[in-house]
Structure formats: structure tokens, C-alpha cells
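A short write-up of the structure that comes next.
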Amino acid sequence: MQSHSDDVPLCVDLDGTLVATDTLHEALIIAVKRNPPLLFRLPFWLARGKAGFKRRLTAEAAIDCSLLPYRSEFMDWLRDQKSAGRKLCLVTASDQRVADAVSSHLGPLFDEAWGSDGNRNLSGSRKQRFLVERFGEKGFDYAGDGVIDMPVWSSARRPIVAGASRELEAQVEVEFPTALVFPSLPFSLRTIARAMRVQQWVKNVLVLTVLLTSHRLFDSSLWLSALLAFFALSFCASSIYIINDLLDLESDRKHPRKRKRPFASGALPVAAGVAIVPFLLAAALVLAFWLPPPARLILSVYPVISVTYSFYLKRKPLVDVFTLSGLYTIRVLLGAAATGVLCSQWLMGFCTFLFLSLAFSKRASELIGLQQRHATAVSGRAYFVWDLAAVQSSGIASCFTAGIILTLYIQSKEVHNLYREPQWLWVVVLGVIFWLLRVWLVASRGQLDEDPVLFAVRDPMSYALAAFLGGAVLLARSGWIAMPGIE
């Protein structure tokens, strides 16, 4: 894309234009994350005006400008303009401290940087008057992204649109025929689904655990209750995922894989995430209305633990792993409470150590990733590379403990009342240990992406093993074939 070849200054907006995010929204999240009670002081700051609000907020929360999601195509064009000898000015409604920090990070790209000063909010008509006073009517080009930039574009020699909605792009092209437009990719339902981590809903299938192990698979009323619990938990969990991603913006941007998440990459605005969360919680609340009171109680505990984990517990070594394991276990308990089917102590013991092993494997995969990147500490965590041996040994020990509990269960009276040939369950013991050790082997090779449950969903061998173990359980239940050599 080319522009007019003359010496007219090029003025560039920051939020939504130069970067695919809003620095004010990000500063707000950082400030609340560091000091949650600050949330109650924000209305009093805002009552003093937007410019004063921005000044107070940026004093509380400094944004790392090196991590912001800059629009690569637009940045390349700006560098070409700079190389051609053009004067570039950063003009933003963000506080002057943010403008200076961005300008400093980008080095010689911008000759000047102006922002709100605590008294004047440099946006809309105020920005228009400021630029006209400095460069004159039609004496500058201006790049922006929002309807609020229309007054500035009307006074600019040539409007430039970057990061705007399709509707605004079309409007600007009609009103300003000379406009230069950098087409943006509007976020889609697929982007929202990625932010909700719909793929993670597979973990909520754990609410069916009690139903599947109760030998009451053909009770339709129980299935209805279990499915209500599944979707209620899924909506609730998605809201927590969004909150967690918003709180972890900076640490996610430092991660080679997590930086591609919708909020970290700028594919989805921070404000959209804040707006989606209440709708998801409302959907979970409506579904929970049809569940028994104990299930509602568990559903109310889940977000409390999850948010506490996001704000505090995830930075506590070992505590974070036990919390993750507990969140898996809560899914099983929710299924029991929703269906009214009791969860046996055998099942609870087995699930506790199974989930503990999986939680440790998740941390181990992060530490192995550190080794591969020659780093020493996990961003946003309290683990170091030298903790890997302890994490691995703890997780593998939990794996074998789960197997021992399953072995003891085979010897119990309950098994002999439920299964005609319980000896076939020894196949299940070996299969579970084999699968867990395979997860650990994959993790030790640095091939475990993010979550061991998602790994199982994408792993053909896990499906084959599940079918094989299901056959063993069927033989144990039906007694069609006696296992030879075992009494």
C-alpha cells in the first residue's frame, strides 16, 4: 500500500490502531489483579474525569509495551513511511506515560508522542482541535480505528483506517474517497469459542463418571440430570477460562504457544471478554436451577476455587497442583450430586491420585518447555527448572498409587457383588497405569501440549486403549469368559 509522497506528518492512534488491544482496559485488569480492593475506588477516580482516571490508573499499573500485540502489516507500512523520510507522530487518548513508553519501545519510529495529560482527554473532537492547531486543517494524515475518530478524519488530509470494523471501513470509504484502509479480520464465533475453550469441555465429561460406574446406564432421568450438570459446569468453566486469560495477558504473551490465545494475540478485545463472562454465568445459573441443591452448592464452589486459583493459588508451588486435582475431583462430585448416585470411597481415592498425577504432568510439561527454551522460571508460576525432578517423581508416584487403590478395590466385597468375573479387572489396572505412564513419557519428551485430558482426546492410542479396557469391564460384568489361571 502506498500513500501520497509528500512531507505531510502522519499521525497514528494507539489503541485498536497501532495495537490490537486497548491499553486502558489492560491497565485496569493489571491494577485489579495486583490489588483487588482497588476495584471499589475506580468509580471515585472516574468521577474526576477520564483524563484524571487514566493518570491514576497508569500510576497503579504499568503496561509492558514490549508485549503488546502490534499490528504487523500496519507496522511494516509505518516503517516504510519512516524510511521514506516522513514525520510520524503517535497521538493517543491513552495517558502520556503510555504514549512515551510505546514510543520509547519502538525506538526511532515516532518523532513525537502525545497523550492525555491528566486534565485533557486527547480523543475525538479534542484530538481534532489539537492536531489542527499544530498542523493546520488538512495539514496531516491520521490513522485511527473507531467512530470517535470521525472528527479527526474530517480535518485530516487523508484518513487512514486500521483495525476498524467492516461497517466503519465501508462508511469511511464512502465519506472519504481518498481514505487508505488496512482491512481487519473481525472476530468470529470461532474466535469466541476459542476464548471459551470449548475444546476443554471434554474434561467436564467427568461428571458422568459416577453414572458410568454405577451400572445404571439405562436410567434416562439420571442421564438428563448429568447432562444438565455437564452444560452448567461447561458454561461456568468457560467464564473462568476467560477471566483467567484476561488476568494472564502478560504471562501468556511471553509463552510461545499461549501468546496465540484470542485475548493475548488481540484477536478478541478485552472488553468483549468482560462482556461475555456475565452471559456465560447467567446460562450456568439457569441450568443449575433444574439441579438438586447439593449440585447447586458444588457449582457455586467451583468458580470460587477457580478464581482464587487464578488470582493467588496458581503462584503457590504444590498448592496449585492440588487445587487443579481438586477441580477435576469436583467434576466427579458434581455428577454424583446431580444424579443422586453415591460416590464410593474407592472411586474417590482412585480419582484423587489419578487427577493428582495428571496435574503434576501438566506442570512437568511446562518445566520441560523451559528447558527447551533455555529459561529458568515459569512466567506467572513459582516453579523453576530444577524443580522438574521433584514434580516428575511426585506425579509418577501418584500414578502408581492410583493403580494400588484400583488393585485393592478388586479384592473388595463390592466388586464380587457387581461383577461375575472380577479377575478381568486386572486388565483395567494395567491399562490405567500404562496410559498414565504413556502420558508421562510424552511429557518427558516435550510433546504434551497443554492438558493431558486434551492429549487423550487427540490421541488414537487412548481411544484404542479405552475400547480395550471397556471390553475387559464387559467381560468382568457379564462373566461370558472366565479368566484362566486366576481364582
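Naming scheme: A, B, ... for chains in displayed order of the C-alpha cells; residues 1 onward per chain; ligands 1 onward as shown.
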Do a neighbour search on Pro36 of chain A at 12 Å with only C-alpha atoms, toss out local chain neighbours closer than 3 positions, and write the hits as a ChimeraX atom specification. /A:28-33,39-42,60,247,307-308,311-312
Let me see the file: selected residues, C-alpha atoms, as a PDB file, in the first residue's frame.
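Everything below was put into selection_12.pdb:
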```pdb
ATOM      1  CA  LEU A  28      -7.391  -1.795  34.521  1.00  0.00           C
ATOM      2  CA  ILE A  29      -7.047  -5.591  34.612  1.00  0.00           C
ATOM      3  CA  ILE A  30      -3.424  -5.418  35.792  1.00  0.00           C
ATOM      4  CA  ALA A  31      -4.326  -2.979  38.562  1.00  0.00           C
ATOM      5  CA  VAL A  32      -7.265  -5.050  39.833  1.00  0.00           C
ATOM      6  CA  LYS A  33      -5.203  -8.238  39.631  1.00  0.00           C
ATOM      7  CA  LEU A  39     -11.954  -2.071  42.169  1.00  0.00           C
ATOM      8  CA  PHE A  40     -14.076  -0.171  44.701  1.00  0.00           C
ATOM      9  CA  ARG A  41     -12.020   3.019  44.260  1.00  0.00           C
ATOM     10  CA  LEU A  42     -12.361   3.162  40.485  1.00  0.00           C
ATOM     11  CA  GLU A  60      -1.047   1.973  39.644  1.00  0.00           C
ATOM     12  CA  LEU A 247      -5.615 -11.922  34.159  1.00  0.00           C
ATOM     13  CA  VAL A 307     -10.994 -17.549  40.653  1.00  0.00           C
ATOM     14  CA  THR A 308      -8.948 -17.938  43.833  1.00  0.00           C
ATOM     15  CA  PHE A 311      -5.616 -14.674  41.491  1.00  0.00           C
ATOM     16  CA  TYR A 312      -3.472 -16.385  44.100  1.00  0.00           C
TER      17      TYR A 312
END
```
If you count only C-alpha atoms, which residues fall within 10 Å of Pro292 of chain A, apart from same-chain ones fewer than 4 positions away, as a PyMOL selection string? chain A and resi 225+229+288+296-297+337-340
Ranking A:Arg315, A:Lys413, A:Lys87, A:Arg190 by minimum distance to Val12 of chain A and counting only C-alpha atoms, which one comes first?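 Checking each candidate against Val12 of chain A, we get A:Lys87 as the closest.
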Pick from A:Val301, A:Met348, A:Leu370, A:Leu268, whichever lies nearest to His255 of chain A using only C-alpha atoms: A:Leu370
Have a look at A:Gly479, A:Pro108, A:Gly85, A:Gly118 and name the one nearest to Gly49 of chain A; count only C-alpha atoms. A:Gly118
Tell me which protein, DNA and RNA residues are within 7 Å of segment 128-131 of chain A, counting only C-alpha atoms, leaving out same-chain ones fewer than 4 positions away, and put them as an MDAnalysis selection string. chainID A and resid 124 135 151:152 155
Atom CA of Cys11 of chain A to atom CA of Gly115 of chain A, straight-line distance in Å: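 Going from atom CA of Gly115 of chain A over to atom CA of Cys11 of chain A, I get 12.1 Å.
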Counting only C-alpha atoms, figure out which residue out of A:Pro303, A:Pro186, A:Pro452, A:Gly471 gets nearest to Pro262 of chain A.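 For Pro262 of chain A, the nearest of the candidates is A:Pro186.
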Could you work out how far atom CA of Val207 of chain A lies from atom CA of Val332 of chain A, giving the answer in Å with one decimal?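 Those two atoms sit 4.8 Å apart.
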Go through A:Val8, A:Val132, A:Ala164, A:Val202 one by one, measure the shortest atom-to-atom distance of each to Leu88 of chain A using only C-alpha atoms, and give the residue with the smallest value. A:Val8
Apply DSSP to the backbone of this structure and, from segment 92-191 of chain A, keep only the residues in helix (DSSP H, G or I); write these as a PyMOL selection string. chain A and resi 96-105+107-109+124-135+147-155+166-175+189-191
How many Å separate atom CA of Gln96 of chain A from atom CA of Asp111 of chain A?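 Atom-to-atom, atom CA of Gln96 of chain A and atom CA of Asp111 of chain A are spaced 14.7 Å apart.
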Which neighbours of Ser154 of chain A fall inside 10 Å, counting only C-alpha atoms, when residues of the same chain fewer than 3 positions from it are skipped, and could you give them as a list in words?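 Here the qualifying residues turn out to be Gln128, Glu137, Lys138, Tyr142, Asp149, Met150, Pro151, Arg157, Arg158, Pro159, Val172, Glu175 and Phe176 of chain A.
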Output file for the selection above: C-alpha atoms, as a PDB file, in the first residue's frame:
```
ATOM      1  CA  GLN A 128      -9.085  17.085  16.206  1.00  0.00           C
ATOM      2  CA  GLU A 137      -6.633  21.988   8.610  1.00  0.00           C
ATOM      3  CA  LYS A 138      -5.774  19.220   6.102  1.00  0.00           C
ATOM      4  CA  TYR A 142      -4.416  10.442  10.521  1.00  0.00           C
ATOM      5  CA  ASP A 149     -12.041   9.280  15.118  1.00  0.00           C
ATOM      6  CA  MET A 150     -14.529  10.646  12.550  1.00  0.00           C
ATOM      7  CA  PRO A 151     -13.967  14.324  13.560  1.00  0.00           C
ATOM      8  CA  ARG A 157      -5.832  15.457   4.512  1.00  0.00           C
ATOM      9  CA  ARG A 158      -6.124  11.695   4.152  1.00  0.00           C
ATOM     10  CA  PRO A 159      -7.883   9.331   6.558  1.00  0.00           C
ATOM     11  CA  VAL A 172     -15.172   5.876   5.824  1.00  0.00           C
ATOM     12  CA  GLU A 175     -17.409   9.681   3.179  1.00  0.00           C
ATOM     13  CA  PHE A 176     -13.692   9.992   2.399  1.00  0.00           C
TER      14      PHE A 176
END
```
Top pick for closest residue to Glu250 of chain A, considering A:Ala113, A:Gly139, A:Gly163, A:Cys65 and counting only C-alpha atoms: A:Cys65
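The list of residues with at least one atom within 9 Å of Asp117 of chain A, based on only C-alpha atoms and without residues fewer than 5 positions apart in the same chain, reads Ala51, Gly52, Lys54, Arg55, Ser94, Asp95, Gln96, Arg97 and Leu122 of chain A.
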Export of prior selection with N, CA and C atoms as a CSV table (one decimal), in the first residue's frame:
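Resulting contents of out-v4.csv:
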```
chain,number,residue,atom,x,y,z
A,51,ALA,N,-9.5,11.8,31.8
A,51,ALA,CA,-8.1,12.0,31.8
A,51,ALA,C,-7.5,11.8,33.2
A,52,GLY,N,-8.1,12.3,34.2
A,52,GLY,CA,-7.6,12.0,35.6
A,52,GLY,C,-7.7,10.6,35.9
A,54,LYS,N,-7.3,8.0,33.8
A,54,LYS,CA,-6.2,7.4,33.2
A,54,LYS,C,-4.9,7.6,33.9
A,55,ARG,N,-4.7,8.9,34.3
A,55,ARG,CA,-3.5,9.2,35.0
A,55,ARG,C,-3.3,8.4,36.3
A,94,SER,N,-4.7,7.5,25.3
A,94,SER,CA,-4.1,6.9,26.5
A,94,SER,C,-3.2,8.0,27.2
A,95,ASP,N,-2.9,7.7,28.4
A,95,ASP,CA,-2.1,8.6,29.2
A,95,ASP,C,-0.8,8.9,28.6
A,96,GLN,N,-0.2,10.0,28.9
A,96,GLN,CA,1.1,10.4,28.3
A,96,GLN,C,2.2,9.4,28.6
A,97,ARG,N,2.1,8.8,29.8
A,97,ARG,CA,3.1,7.8,30.2
A,97,ARG,C,3.1,6.6,29.3
A,122,LEU,N,-7.3,13.3,25.3
A,122,LEU,CA,-7.0,13.6,23.9
A,122,LEU,C,-7.7,12.6,23.0
```
